[in-house]
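Asks: After the structure tokens below, expect a handful of questions from me.
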Amino acid sequence: SGTSISIVSNNGTKTNYSSLASALDDTIANPIDYVIYFGSAYSLTSTDQEELSKVTTVNAKSLTFISDSTDNLNTSTANLDPNANQITLPSILNLSVPTVFRNITLAGSSSIYANGNNLAIRSGAFFTGAINLYGGAKQASVANTNIWIGATGSSTFNIYGGSDGGTVTGNTSLTVTNTSGNNLNVYGGGNNTSTVNGNINVAFNTNSTNGIFQVYGGGQTSTDKITGTVNVDVTGTNGGILTLMGNSATGGAITGDINVGISGISGNTSVNTIYGDGQASPPPLSTTRIIKVTVNSPDYTFSNDINATAYNLATTNGLLATTIMNINAAGVKQISAGADGNDNFTNATTTQNTATINLGSSSASSSNQVILATNLVHN
């Protein structure tokens, strides 16, 4: 009786451990890859967490957690694995080495911190509780972050490329290749007064036919800051509701450029108003900052607006930034190189910044151009 935990590595397989802590303590010694298999349902304890925190890149190259004995590596499903045992997570889980979750069911609401280590949620991994997943750390600094997501779960799933009240001194990378059709919030930055001093790179794709997907390049709160360039690219959807912004409406300042791209949108997807910079409060005027929105969905009609900014771009001192809109679509309700057509561009007396809209242009698509139908264009 009891839990059967096994650890597989190049050193062979060790089995029949009753706890994760005992398995780690007895097995993890050399900087190689380890696979940890849970042969039955299990709940992580405080002792497990303490032992897990001792596993660093000095004594392990990576950890992979699975709970399905078949461990199908060829599956691409984001659905619940019916053969996987349920592992209950603690409210806080800290990871100290590159980690993979694969073909495993994870229960419990949890905040997971990768602490700057590579983290992959692969096919067959399924979270049933509310999750906050950070590439960075809680109130600490890390160099860079890298998160890869191929499955999510059934509850609300928040993913942050940055930290929770901490700093990423370099870049963040967040790649979503598939989702499980749940409520997913993706932030390239962090949360709770975080900072990213480098660049943000967010790539999003989903094959799910339903779900609510909110994809932001910036952080979640007004005190989250990013000093580098923000790149957000949505490359495909198959349904659901999509929100896309280079910065969230509640996010803090992004002082670098913003590049937002969207393509491969299915007609079954409902797309909310797209903003290059969705921040509600206008930033200081910059003569070097560029906000670019590139839409390449020639077969899709956008029922909502596509705007460069959520704030008025034009001021009596000039445009707050240079904006470029490359729009190649079957239709758009309204296009604005500023904010919702409310900008008074005649007040912008400076020539240092410009607002440009390219409709169906080669900069939007070099091979697939169509006639664009739109109600209103503001420039």
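FYI, nothing fancy with the structure tokens labels: chains A, B, ... in order, residues from 1 per chain, ligands from 1 as they appear.
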Would you please extract all helix (DSSP H, G or I) residues from range 43-185 of chain A, as assigned by DSSP on the backbone, and give them as a ChimeraX atom specification?
Replies: /A:46-53
Asks: Filtering to all heavy atoms, could you give me those residues as a compact mmCIF listing (two decimals), in the first residue's frame?
Replies:
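This is the output file again32.txt:
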# COMPACT_ATOMS: atom_id res chain seq x y z
N SER A 46 5.13 19.86 2.85
CA SER A 46 6.15 20.86 3.12
C SER A 46 7.54 20.23 3.11
O SER A 46 8.53 20.86 2.71
CB SER A 46 5.88 21.53 4.48
OG SER A 46 5.84 20.57 5.52
N THR A 47 7.63 18.97 3.54
CA THR A 47 8.92 18.26 3.49
C THR A 47 9.36 18.03 2.05
O THR A 47 10.55 18.17 1.72
CB THR A 47 8.81 16.91 4.21
OG1 THR A 47 8.35 17.12 5.55
CG2 THR A 47 10.16 16.20 4.25
N ASP A 48 8.40 17.72 1.18
CA ASP A 48 8.71 17.57 -0.25
C ASP A 48 9.25 18.88 -0.81
O ASP A 48 10.23 18.89 -1.57
CB ASP A 48 7.46 17.16 -1.03
CG ASP A 48 6.97 15.78 -0.65
OD1 ASP A 48 7.80 14.93 -0.29
OD2 ASP A 48 5.75 15.56 -0.72
N GLN A 49 8.59 19.98 -0.47
CA GLN A 49 9.02 21.28 -0.99
C GLN A 49 10.42 21.63 -0.51
O GLN A 49 11.24 22.17 -1.27
CB GLN A 49 8.03 22.36 -0.54
CG GLN A 49 6.64 22.21 -1.13
CD GLN A 49 5.74 23.33 -0.66
OE1 GLN A 49 5.88 24.48 -1.09
NE2 GLN A 49 4.79 23.01 0.22
N GLU A 50 10.70 21.33 0.75
CA GLU A 50 12.02 21.62 1.30
C GLU A 50 13.09 20.84 0.57
O GLU A 50 14.15 21.37 0.22
CB GLU A 50 12.05 21.29 2.80
CG GLU A 50 13.38 21.60 3.46
CD GLU A 50 13.36 21.26 4.95
OE1 GLU A 50 12.30 20.90 5.48
OE2 GLU A 50 14.46 21.34 5.57
N GLU A 51 12.82 19.56 0.31
CA GLU A 51 13.79 18.73 -0.40
C GLU A 51 13.92 19.15 -1.86
O GLU A 51 15.02 19.13 -2.43
CB GLU A 51 13.37 17.26 -0.30
CG GLU A 51 14.48 16.27 -0.58
CD GLU A 51 15.61 16.35 0.43
OE1 GLU A 51 15.32 16.57 1.63
OE2 GLU A 51 16.78 16.19 0.01
N LEU A 52 12.79 19.56 -2.46
CA LEU A 52 12.80 20.02 -3.85
C LEU A 52 13.65 21.28 -4.01
O LEU A 52 14.32 21.46 -5.03
CB LEU A 52 11.36 20.27 -4.32
CG LEU A 52 11.13 20.49 -5.82
CD1 LEU A 52 11.59 19.28 -6.62
CD2 LEU A 52 9.65 20.76 -6.08
N SER A 53 13.63 22.14 -3.00
CA SER A 53 14.41 23.38 -3.07
C SER A 53 15.91 23.12 -3.04
O SER A 53 16.70 23.96 -3.44
CB SER A 53 14.02 24.31 -1.92
OG SER A 53 14.43 23.76 -0.67
Asks: Neighbouring residues of range 280-285 of chain A were defined as those with any atom within 9 Å, considering only C-alpha atoms; residues of the same chain fewer than 5 positions away were excluded. Please report them as a PyMOL selection string.
Replies: chain A and resi 248-255+309-313+317-321
Asks: Now that the selection is made, can you save its residues with N, CA, C and O atoms as a PDB file, in the first residue's frame?
Replies:
ATOM      1  N   SER A 248      -1.410  45.798 -21.071  1.00  0.00           N
ATOM      2  CA  SER A 248      -2.768  45.684 -20.540  1.00  0.00           C
ATOM      3  C   SER A 248      -3.296  47.043 -20.125  1.00  0.00           C
ATOM      4  O   SER A 248      -2.534  47.986 -19.880  1.00  0.00           O
ATOM      5  N   ALA A 249      -4.619  47.172 -20.032  1.00  0.00           N
ATOM      6  CA  ALA A 249      -5.246  48.440 -19.649  1.00  0.00           C
ATOM      7  C   ALA A 249      -4.829  48.866 -18.251  1.00  0.00           C
ATOM      8  O   ALA A 249      -4.782  50.058 -17.935  1.00  0.00           O
ATOM      9  N   THR A 250      -4.511  47.891 -17.398  1.00  0.00           N
ATOM     10  CA  THR A 250      -4.117  48.193 -16.022  1.00  0.00           C
ATOM     11  C   THR A 250      -2.615  48.153 -15.835  1.00  0.00           C
ATOM     12  O   THR A 250      -2.112  48.349 -14.727  1.00  0.00           O
ATOM     13  N   GLY A 251      -1.860  47.872 -16.906  1.00  0.00           N
ATOM     14  CA  GLY A 251      -0.420  47.698 -16.804  1.00  0.00           C
ATOM     15  C   GLY A 251       0.332  48.996 -16.602  1.00  0.00           C
ATOM     16  O   GLY A 251      -0.174  50.097 -16.878  1.00  0.00           O
ATOM     17  N   GLY A 252       1.565  48.878 -16.124  1.00  0.00           N
ATOM     18  CA  GLY A 252       2.414  50.038 -15.909  1.00  0.00           C
ATOM     19  C   GLY A 252       3.144  50.451 -17.169  1.00  0.00           C
ATOM     20  O   GLY A 252       2.856  49.982 -18.275  1.00  0.00           O
ATOM     21  N   ALA A 253       4.121  51.299 -16.989  1.00  0.00           N
ATOM     22  CA  ALA A 253       4.791  51.938 -18.117  1.00  0.00           C
ATOM     23  C   ALA A 253       5.666  50.958 -18.896  1.00  0.00           C
ATOM     24  O   ALA A 253       6.373  50.133 -18.323  1.00  0.00           O
ATOM     25  N   ILE A 254       5.598  51.077 -20.225  1.00  0.00           N
ATOM     26  CA  ILE A 254       6.542  50.428 -21.132  1.00  0.00           C
ATOM     27  C   ILE A 254       7.293  51.546 -21.830  1.00  0.00           C
ATOM     28  O   ILE A 254       6.717  52.306 -22.595  1.00  0.00           O
ATOM     29  N   THR A 255       8.578  51.655 -21.567  1.00  0.00           N
ATOM     30  CA  THR A 255       9.331  52.775 -22.126  1.00  0.00           C
ATOM     31  C   THR A 255       9.951  52.442 -23.473  1.00  0.00           C
ATOM     32  O   THR A 255      10.389  53.342 -24.191  1.00  0.00           O
ATOM     33  N   THR A 309      -3.296  53.016 -29.864  1.00  0.00           N
ATOM     34  CA  THR A 309      -3.222  53.311 -28.429  1.00  0.00           C
ATOM     35  C   THR A 309      -4.618  53.387 -27.824  1.00  0.00           C
ATOM     36  O   THR A 309      -5.601  53.617 -28.522  1.00  0.00           O
ATOM     37  N   ALA A 310      -4.665  53.219 -26.490  1.00  0.00           N
ATOM     38  CA  ALA A 310      -5.924  53.415 -25.759  1.00  0.00           C
ATOM     39  C   ALA A 310      -6.040  54.853 -25.274  1.00  0.00           C
ATOM     40  O   ALA A 310      -7.127  55.299 -24.915  1.00  0.00           O
ATOM     41  N   TYR A 311      -4.936  55.573 -25.239  1.00  0.00           N
ATOM     42  CA  TYR A 311      -4.920  56.986 -24.838  1.00  0.00           C
ATOM     43  C   TYR A 311      -4.796  57.844 -26.089  1.00  0.00           C
ATOM     44  O   TYR A 311      -4.409  57.368 -27.159  1.00  0.00           O
ATOM     45  N   ASN A 312      -5.144  59.127 -25.969  1.00  0.00           N
ATOM     46  CA  ASN A 312      -4.991  60.039 -27.096  1.00  0.00           C
ATOM     47  C   ASN A 312      -3.518  60.205 -27.433  1.00  0.00           C
ATOM     48  O   ASN A 312      -2.709  60.584 -26.581  1.00  0.00           O
ATOM     49  N   LEU A 313      -3.184  59.900 -28.683  1.00  0.00           N
ATOM     50  CA  LEU A 313      -1.797  59.991 -29.123  1.00  0.00           C
ATOM     51  C   LEU A 313      -1.374  61.440 -29.344  1.00  0.00           C
ATOM     52  O   LEU A 313      -0.234  61.821 -29.084  1.00  0.00           O
ATOM     53  N   ASN A 317       1.685  69.321 -27.644  1.00  0.00           N
ATOM     54  CA  ASN A 317       3.143  69.275 -27.761  1.00  0.00           C
ATOM     55  C   ASN A 317       3.611  68.329 -28.856  1.00  0.00           C
ATOM     56  O   ASN A 317       4.814  68.219 -29.100  1.00  0.00           O
ATOM     57  N   GLY A 318       2.657  67.626 -29.472  1.00  0.00           N
ATOM     58  CA  GLY A 318       3.023  66.689 -30.521  1.00  0.00           C
ATOM     59  C   GLY A 318       2.541  65.286 -30.210  1.00  0.00           C
ATOM     60  O   GLY A 318       1.958  65.021 -29.155  1.00  0.00           O
ATOM     61  N   LEU A 319       2.762  64.364 -31.125  1.00  0.00           N
ATOM     62  CA  LEU A 319       2.388  62.970 -30.911  1.00  0.00           C
ATOM     63  C   LEU A 319       3.291  62.359 -29.845  1.00  0.00           C
ATOM     64  O   LEU A 319       4.500  62.583 -29.834  1.00  0.00           O
ATOM     65  N   LEU A 320       2.693  61.565 -28.966  1.00  0.00           N
ATOM     66  CA  LEU A 320       3.446  60.987 -27.858  1.00  0.00           C
ATOM     67  C   LEU A 320       4.439  59.927 -28.322  1.00  0.00           C
ATOM     68  O   LEU A 320       5.407  59.627 -27.630  1.00  0.00           O
ATOM     69  N   ALA A 321       4.191  59.341 -29.492  1.00  0.00           N
ATOM     70  CA  ALA A 321       5.086  58.330 -30.054  1.00  0.00           C
ATOM     71  C   ALA A 321       4.805  58.232 -31.546  1.00  0.00           C
ATOM     72  O   ALA A 321       3.813  58.784 -32.050  1.00  0.00           O
TER      73      ALA A 321
END
Asks: For range 83-91 of chain A, please output as a PyMOL selection string all residues within 6 Å (counting only C-alpha atoms; exclusion window: fewer than 4 positions along the same chain).
Replies: chain A and resi 40-44+67-68+104-108+110
Asks: Report as a PyMOL selection string: the residues of range 25-102 of chain A with a DSSP assignment of strand (DSSP E), based on the backbone of this structure.
Replies: chain A and resi 33-38+42-43+62-66+86-88+92-94+99-101
Asks: Since we have the selection now, will you write its residues out, keeping N, CA, C and O atoms, as a PDB file, in the first residue's frame?
Replies:
ATOM      1  N   ASP A  33      19.595  14.471 -16.350  1.00  0.00           N
ATOM      2  CA  ASP A  33      18.139  14.607 -16.416  1.00  0.00           C
ATOM      3  C   ASP A  33      17.468  13.489 -15.619  1.00  0.00           C
ATOM      4  O   ASP A  33      17.846  12.320 -15.719  1.00  0.00           O
ATOM      5  N   TYR A  34      16.450  13.872 -14.841  1.00  0.00           N
ATOM      6  CA  TYR A  34      15.707  12.912 -14.045  1.00  0.00           C
ATOM      7  C   TYR A  34      14.220  12.984 -14.395  1.00  0.00           C
ATOM      8  O   TYR A  34      13.672  14.073 -14.563  1.00  0.00           O
ATOM      9  N   VAL A  35      13.572  11.811 -14.485  1.00  0.00           N
ATOM     10  CA  VAL A  35      12.126  11.722 -14.681  1.00  0.00           C
ATOM     11  C   VAL A  35      11.519  11.129 -13.412  1.00  0.00           C
ATOM     12  O   VAL A  35      11.936  10.048 -12.967  1.00  0.00           O
ATOM     13  N   ILE A  36      10.547  11.838 -12.843  1.00  0.00           N
ATOM     14  CA  ILE A  36       9.895  11.402 -11.605  1.00  0.00           C
ATOM     15  C   ILE A  36       8.481  10.950 -11.942  1.00  0.00           C
ATOM     16  O   ILE A  36       7.674  11.734 -12.461  1.00  0.00           O
ATOM     17  N   TYR A  37       8.204   9.669 -11.642  1.00  0.00           N
ATOM     18  CA  TYR A  37       6.901   9.083 -11.965  1.00  0.00           C
ATOM     19  C   TYR A  37       6.121   8.799 -10.686  1.00  0.00           C
ATOM     20  O   TYR A  37       6.611   8.145  -9.774  1.00  0.00           O
ATOM     21  N   PHE A  38       4.876   9.320 -10.655  1.00  0.00           N
ATOM     22  CA  PHE A  38       3.967   9.058  -9.538  1.00  0.00           C
ATOM     23  C   PHE A  38       3.037   7.906  -9.950  1.00  0.00           C
ATOM     24  O   PHE A  38       2.221   8.063 -10.866  1.00  0.00           O
ATOM     25  N   TYR A  42      -1.130  11.571  -5.185  1.00  0.00           N
ATOM     26  CA  TYR A  42      -0.158  12.029  -4.190  1.00  0.00           C
ATOM     27  C   TYR A  42      -0.356  13.520  -3.934  1.00  0.00           C
ATOM     28  O   TYR A  42      -0.701  14.281  -4.842  1.00  0.00           O
ATOM     29  N   SER A  43      -0.112  13.946  -2.680  1.00  0.00           N
ATOM     30  CA  SER A  43      -0.157  15.364  -2.314  1.00  0.00           C
ATOM     31  C   SER A  43       1.221  15.797  -1.856  1.00  0.00           C
ATOM     32  O   SER A  43       1.807  15.182  -0.947  1.00  0.00           O
ATOM     33  N   SER A  62      17.855  18.584 -15.047  1.00  0.00           N
ATOM     34  CA  SER A  62      16.434  18.935 -15.160  1.00  0.00           C
ATOM     35  C   SER A  62      15.599  17.895 -14.430  1.00  0.00           C
ATOM     36  O   SER A  62      16.064  16.778 -14.165  1.00  0.00           O
ATOM     37  N   LEU A  63      14.346  18.261 -14.116  1.00  0.00           N
ATOM     38  CA  LEU A  63      13.370  17.350 -13.537  1.00  0.00           C
ATOM     39  C   LEU A  63      12.141  17.317 -14.436  1.00  0.00           C
ATOM     40  O   LEU A  63      11.644  18.373 -14.844  1.00  0.00           O
ATOM     41  N   THR A  64      11.650  16.113 -14.741  1.00  0.00           N
ATOM     42  CA  THR A  64      10.399  15.948 -15.482  1.00  0.00           C
ATOM     43  C   THR A  64       9.435  15.151 -14.622  1.00  0.00           C
ATOM     44  O   THR A  64       9.776  14.069 -14.135  1.00  0.00           O
ATOM     45  N   PHE A  65       8.223  15.687 -14.426  1.00  0.00           N
ATOM     46  CA  PHE A  65       7.214  15.043 -13.590  1.00  0.00           C
ATOM     47  C   PHE A  65       6.126  14.434 -14.475  1.00  0.00           C
ATOM     48  O   PHE A  65       5.544  15.135 -15.314  1.00  0.00           O
ATOM     49  N   ILE A  66       5.839  13.134 -14.280  1.00  0.00           N
ATOM     50  CA  ILE A  66       4.768  12.451 -15.019  1.00  0.00           C
ATOM     51  C   ILE A  66       3.972  11.589 -14.045  1.00  0.00           C
ATOM     52  O   ILE A  66       4.461  11.228 -12.973  1.00  0.00           O
ATOM     53  N   GLN A  86      -3.618  11.785 -10.108  1.00  0.00           N
ATOM     54  CA  GLN A  86      -3.752  13.181  -9.679  1.00  0.00           C
ATOM     55  C   GLN A  86      -2.735  13.512  -8.591  1.00  0.00           C
ATOM     56  O   GLN A  86      -2.659  12.841  -7.565  1.00  0.00           O
ATOM     57  N   ILE A  87      -1.977  14.593  -8.845  1.00  0.00           N
ATOM     58  CA  ILE A  87      -0.985  15.091  -7.895  1.00  0.00           C
ATOM     59  C   ILE A  87      -1.481  16.443  -7.387  1.00  0.00           C
ATOM     60  O   ILE A  87      -1.745  17.338  -8.183  1.00  0.00           O
ATOM     61  N   THR A  88      -1.592  16.588  -6.075  1.00  0.00           N
ATOM     62  CA  THR A  88      -2.095  17.828  -5.495  1.00  0.00           C
ATOM     63  C   THR A  88      -0.937  18.762  -5.156  1.00  0.00           C
ATOM     64  O   THR A  88      -0.004  18.374  -4.437  1.00  0.00           O
ATOM     65  N   ILE A  92       2.061  27.234  -2.745  1.00  0.00           N
ATOM     66  CA  ILE A  92       3.241  27.862  -3.355  1.00  0.00           C
ATOM     67  C   ILE A  92       4.224  26.759  -3.714  1.00  0.00           C
ATOM     68  O   ILE A  92       4.544  25.898  -2.882  1.00  0.00           O
ATOM     69  N   LEU A  93       4.697  26.775  -4.960  1.00  0.00           N
ATOM     70  CA  LEU A  93       5.671  25.786  -5.425  1.00  0.00           C
ATOM     71  C   LEU A  93       6.838  26.511  -6.068  1.00  0.00           C
ATOM     72  O   LEU A  93       6.666  27.204  -7.080  1.00  0.00           O
ATOM     73  N   ASN A  94       8.030  26.359  -5.491  1.00  0.00           N
ATOM     74  CA  ASN A  94       9.242  26.967  -6.034  1.00  0.00           C
ATOM     75  C   ASN A  94      10.071  25.909  -6.749  1.00  0.00           C
ATOM     76  O   ASN A  94      10.303  24.814  -6.228  1.00  0.00           O
ATOM     77  N   THR A  99      12.430  22.550 -15.454  1.00  0.00           N
ATOM     78  CA  THR A  99      11.391  21.598 -15.056  1.00  0.00           C
ATOM     79  C   THR A  99      10.389  21.392 -16.178  1.00  0.00           C
ATOM     80  O   THR A  99      10.050  22.329 -16.899  1.00  0.00           O
ATOM     81  N   VAL A 100       9.908  20.135 -16.294  1.00  0.00           N
ATOM     82  CA  VAL A 100       8.884  19.777 -17.276  1.00  0.00           C
ATOM     83  C   VAL A 100       7.750  19.057 -16.551  1.00  0.00           C
ATOM     84  O   VAL A 100       7.992  18.172 -15.721  1.00  0.00           O
ATOM     85  N   PHE A 101       6.509  19.454 -16.846  1.00  0.00           N
ATOM     86  CA  PHE A 101       5.328  18.700 -16.437  1.00  0.00           C
ATOM     87  C   PHE A 101       4.730  18.090 -17.702  1.00  0.00           C
ATOM     88  O   PHE A 101       4.447  18.797 -18.664  1.00  0.00           O
TER      89      PHE A 101
END
Asks: Tell me, in Å to one decimal, how far CA of Tyr187 in chain A is from CA of Asn132 in chain A.
Replies: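 Separation of CA of Tyr187 in chain A and CA of Asn132 in chain A: 10.9 Å.
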Asks: How many Å lie between CA of Ile265 in chain A and CA of Arg289 in chain A, rounded to one decimal?
Replies: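 Computed distance, CA of Ile265 in chain A to CA of Arg289 in chain A, equals 28.2 Å.
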Asks: Excluding same-chain residues fewer than 4 positions from range 145-161 of chain A, what lies within 8 Å of it counting only C-alpha atoms, as number ranges by chain?
Replies: A: 76-80, 115-136, 168, 171-191, 200, 219
Asks: Measuring between only C-alpha atoms, which one of A:Thr354, A:Thr167, A:Ser263, A:Thr15 shows the shortest distance to Ile327 in chain A?
Replies: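 Using only C-alpha atoms, the shortest distance to Ile327 in chain A belongs to A:Ser263.
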Asks: If we count only C-alpha atoms and set the cut-off at 9 Å, which residues sit around Ile324 in chain A, ignoring sequence neighbours fewer than 3 positions away in its own chain? Please answer as a ChimeraX atom specification.
Replies: /A:290-294,308,337,354-358
Asks: Next, write the just-selected residues to a file, as a PDB file, in the first residue's frame, keeping all heavy atoms as the atom set.
Replies:
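Written file, part-v5.pdb:
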ATOM      1  N   ILE A 290       8.435  53.669 -30.907  1.00  0.00           N
ATOM      2  CA  ILE A 290       7.572  53.250 -32.014  1.00  0.00           C
ATOM      3  C   ILE A 290       6.583  52.205 -31.517  1.00  0.00           C
ATOM      4  O   ILE A 290       6.974  51.229 -30.869  1.00  0.00           O
ATOM      5  CB  ILE A 290       8.392  52.685 -33.187  1.00  0.00           C
ATOM      6  CG1 ILE A 290       9.347  53.752 -33.737  1.00  0.00           C
ATOM      7  CG2 ILE A 290       7.478  52.178 -34.292  1.00  0.00           C
ATOM      8  CD1 ILE A 290      10.289  53.224 -34.802  1.00  0.00           C
ATOM      9  N   ILE A 291       5.312  52.392 -31.837  1.00  0.00           N
ATOM     10  CA  ILE A 291       4.261  51.421 -31.533  1.00  0.00           C
ATOM     11  C   ILE A 291       3.744  50.892 -32.867  1.00  0.00           C
ATOM     12  O   ILE A 291       3.224  51.653 -33.687  1.00  0.00           O
ATOM     13  CB  ILE A 291       3.120  52.061 -30.727  1.00  0.00           C
ATOM     14  CG1 ILE A 291       3.657  52.603 -29.396  1.00  0.00           C
ATOM     15  CG2 ILE A 291       1.996  51.051 -30.488  1.00  0.00           C
ATOM     16  CD1 ILE A 291       2.666  53.462 -28.647  1.00  0.00           C
ATOM     17  N   LYS A 292       3.904  49.589 -33.104  1.00  0.00           N
ATOM     18  CA  LYS A 292       3.535  49.007 -34.395  1.00  0.00           C
ATOM     19  C   LYS A 292       2.523  47.881 -34.197  1.00  0.00           C
ATOM     20  O   LYS A 292       2.693  47.018 -33.353  1.00  0.00           O
ATOM     21  CB  LYS A 292       4.774  48.464 -35.114  1.00  0.00           C
ATOM     22  CG  LYS A 292       4.488  47.876 -36.501  1.00  0.00           C
ATOM     23  CD  LYS A 292       5.717  47.197 -37.092  1.00  0.00           C
ATOM     24  CE  LYS A 292       6.793  48.202 -37.418  1.00  0.00           C
ATOM     25  NZ  LYS A 292       7.945  47.548 -38.125  1.00  0.00           N
ATOM     26  N   VAL A 293       1.484  47.900 -35.021  1.00  0.00           N
ATOM     27  CA  VAL A 293       0.476  46.832 -35.034  1.00  0.00           C
ATOM     28  C   VAL A 293       0.429  46.267 -36.445  1.00  0.00           C
ATOM     29  O   VAL A 293       0.154  47.005 -37.402  1.00  0.00           O
ATOM     30  CB  VAL A 293      -0.913  47.344 -34.618  1.00  0.00           C
ATOM     31  CG1 VAL A 293      -1.940  46.213 -34.718  1.00  0.00           C
ATOM     32  CG2 VAL A 293      -0.876  47.910 -33.204  1.00  0.00           C
ATOM     33  N   THR A 294       0.679  44.963 -36.580  1.00  0.00           N
ATOM     34  CA  THR A 294       0.663  44.309 -37.880  1.00  0.00           C
ATOM     35  C   THR A 294      -0.393  43.216 -37.886  1.00  0.00           C
ATOM     36  O   THR A 294      -0.309  42.264 -37.105  1.00  0.00           O
ATOM     37  CB  THR A 294       2.042  43.706 -38.218  1.00  0.00           C
ATOM     38  OG1 THR A 294       3.012  44.755 -38.241  1.00  0.00           O
ATOM     39  CG2 THR A 294       2.009  43.011 -39.568  1.00  0.00           C
ATOM     40  N   ALA A 308      -3.936  51.963 -32.374  1.00  0.00           N
ATOM     41  CA  ALA A 308      -2.538  52.007 -31.947  1.00  0.00           C
ATOM     42  C   ALA A 308      -2.427  52.191 -30.448  1.00  0.00           C
ATOM     43  O   ALA A 308      -1.570  51.587 -29.797  1.00  0.00           O
ATOM     44  CB  ALA A 308      -1.800  53.126 -32.663  1.00  0.00           C
ATOM     45  N   ALA A 337      -4.730  55.167 -36.037  1.00  0.00           N
ATOM     46  CA  ALA A 337      -3.309  55.250 -35.699  1.00  0.00           C
ATOM     47  C   ALA A 337      -3.111  55.904 -34.351  1.00  0.00           C
ATOM     48  O   ALA A 337      -1.996  56.043 -33.862  1.00  0.00           O
ATOM     49  CB  ALA A 337      -2.560  56.029 -36.769  1.00  0.00           C
ATOM     50  N   THR A 354       5.322  60.472 -36.152  1.00  0.00           N
ATOM     51  CA  THR A 354       4.318  60.341 -37.216  1.00  0.00           C
ATOM     52  C   THR A 354       3.345  59.218 -36.885  1.00  0.00           C
ATOM     53  O   THR A 354       3.645  58.322 -36.098  1.00  0.00           O
ATOM     54  CB  THR A 354       4.976  60.037 -38.569  1.00  0.00           C
ATOM     55  OG1 THR A 354       5.723  58.827 -38.463  1.00  0.00           O
ATOM     56  CG2 THR A 354       5.885  61.170 -39.002  1.00  0.00           C
ATOM     57  N   ALA A 355       2.172  59.263 -37.506  1.00  0.00           N
ATOM     58  CA  ALA A 355       1.173  58.207 -37.391  1.00  0.00           C
ATOM     59  C   ALA A 355       0.851  57.728 -38.804  1.00  0.00           C
ATOM     60  O   ALA A 355       0.369  58.498 -39.633  1.00  0.00           O
ATOM     61  CB  ALA A 355      -0.082  58.724 -36.689  1.00  0.00           C
ATOM     62  N   THR A 356       1.115  56.432 -39.077  1.00  0.00           N
ATOM     63  CA  THR A 356       0.985  55.901 -40.426  1.00  0.00           C
ATOM     64  C   THR A 356       0.085  54.685 -40.439  1.00  0.00           C
ATOM     65  O   THR A 356       0.211  53.798 -39.579  1.00  0.00           O
ATOM     66  CB  THR A 356       2.364  55.499 -40.983  1.00  0.00           C
ATOM     67  OG1 THR A 356       3.231  56.630 -40.937  1.00  0.00           O
ATOM     68  CG2 THR A 356       2.253  55.006 -42.414  1.00  0.00           C
ATOM     69  N   ILE A 357      -0.814  54.623 -41.426  1.00  0.00           N
ATOM     70  CA  ILE A 357      -1.645  53.444 -41.632  1.00  0.00           C
ATOM     71  C   ILE A 357      -1.379  52.904 -43.031  1.00  0.00           C
ATOM     72  O   ILE A 357      -1.523  53.621 -44.014  1.00  0.00           O
ATOM     73  CB  ILE A 357      -3.142  53.773 -41.477  1.00  0.00           C
ATOM     74  CG1 ILE A 357      -3.456  54.227 -40.046  1.00  0.00           C
ATOM     75  CG2 ILE A 357      -3.997  52.559 -41.833  1.00  0.00           C
ATOM     76  CD1 ILE A 357      -4.900  54.625 -39.840  1.00  0.00           C
ATOM     77  N   ASN A 358      -0.983  51.641 -43.121  1.00  0.00           N
ATOM     78  CA  ASN A 358      -0.801  50.947 -44.384  1.00  0.00           C
ATOM     79  C   ASN A 358      -1.911  49.913 -44.514  1.00  0.00           C
ATOM     80  O   ASN A 358      -1.985  48.967 -43.731  1.00  0.00           O
ATOM     81  CB  ASN A 358       0.567  50.255 -44.432  1.00  0.00           C
ATOM     82  CG  ASN A 358       1.724  51.222 -44.291  1.00  0.00           C
ATOM     83  OD1 ASN A 358       1.791  52.217 -45.005  1.00  0.00           O
ATOM     84  ND2 ASN A 358       2.625  50.943 -43.373  1.00  0.00           N
TER      85      ASN A 358
END
Asks: How many Å separate CA of Thr70 in chain A from CA of Gly12 in chain A?
Replies: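 CA of Gly12 in chain A lies 17.8 Å from CA of Thr70 in chain A.
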Asks: Between A:Asn199, A:Asn59, A:Asn11, A:Ser6, which is the closest to Ala23 in chain A once you count only C-alpha atoms?
Replies: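 Smallest separation from Ala23 in chain A among the options: A:Ser6.
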Asks: May I have the residues within 8 Å of Ser18 in chain A as a PyMOL selection string, using only C-alpha atoms and disregarding those fewer than 5 positions away in the same chain?
Replies: chain A and resi 2-5+23
Asks: Go through A:Gly211, A:Ile262, A:Thr315, A:Thr287 and flag the residue nearest Tyr300 in chain A, using only C-alpha atoms for the distances.
Replies: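 Once distances to Tyr300 in chain A are computed over only C-alpha atoms, the minimum belongs to A:Ile262.
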Asks: Which residue out of A:Gly236, A:Pro31, A:Gly360, A:Gly217 has the minimum interatomic distance to Ile258 in chain A when only C-alpha atoms are used?
Replies: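 Counting only C-alpha atoms, the residue closest to Ile258 in chain A is A:Gly217.
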Asks: Restricting the calculation to only C-alpha atoms: of A:Gly278, A:Gly239, A:Gly331, A:Gly166, which residue gets closest to Val215 in chain A?
Replies: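 Smallest separation from Val215 in chain A among the options: A:Gly278.
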Asks: Excluding Thr57 in chain A and any residue of its chain fewer than 6 positions from it, enumerate the residues within 10 Å of it, using only C-alpha atoms, and give them as a list in words.
Replies: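 Once the adjacent positions are removed, what remains is Asn30, Pro31, Ile32, Ser96, Val97, Pro98 and Asn117 of chain A.
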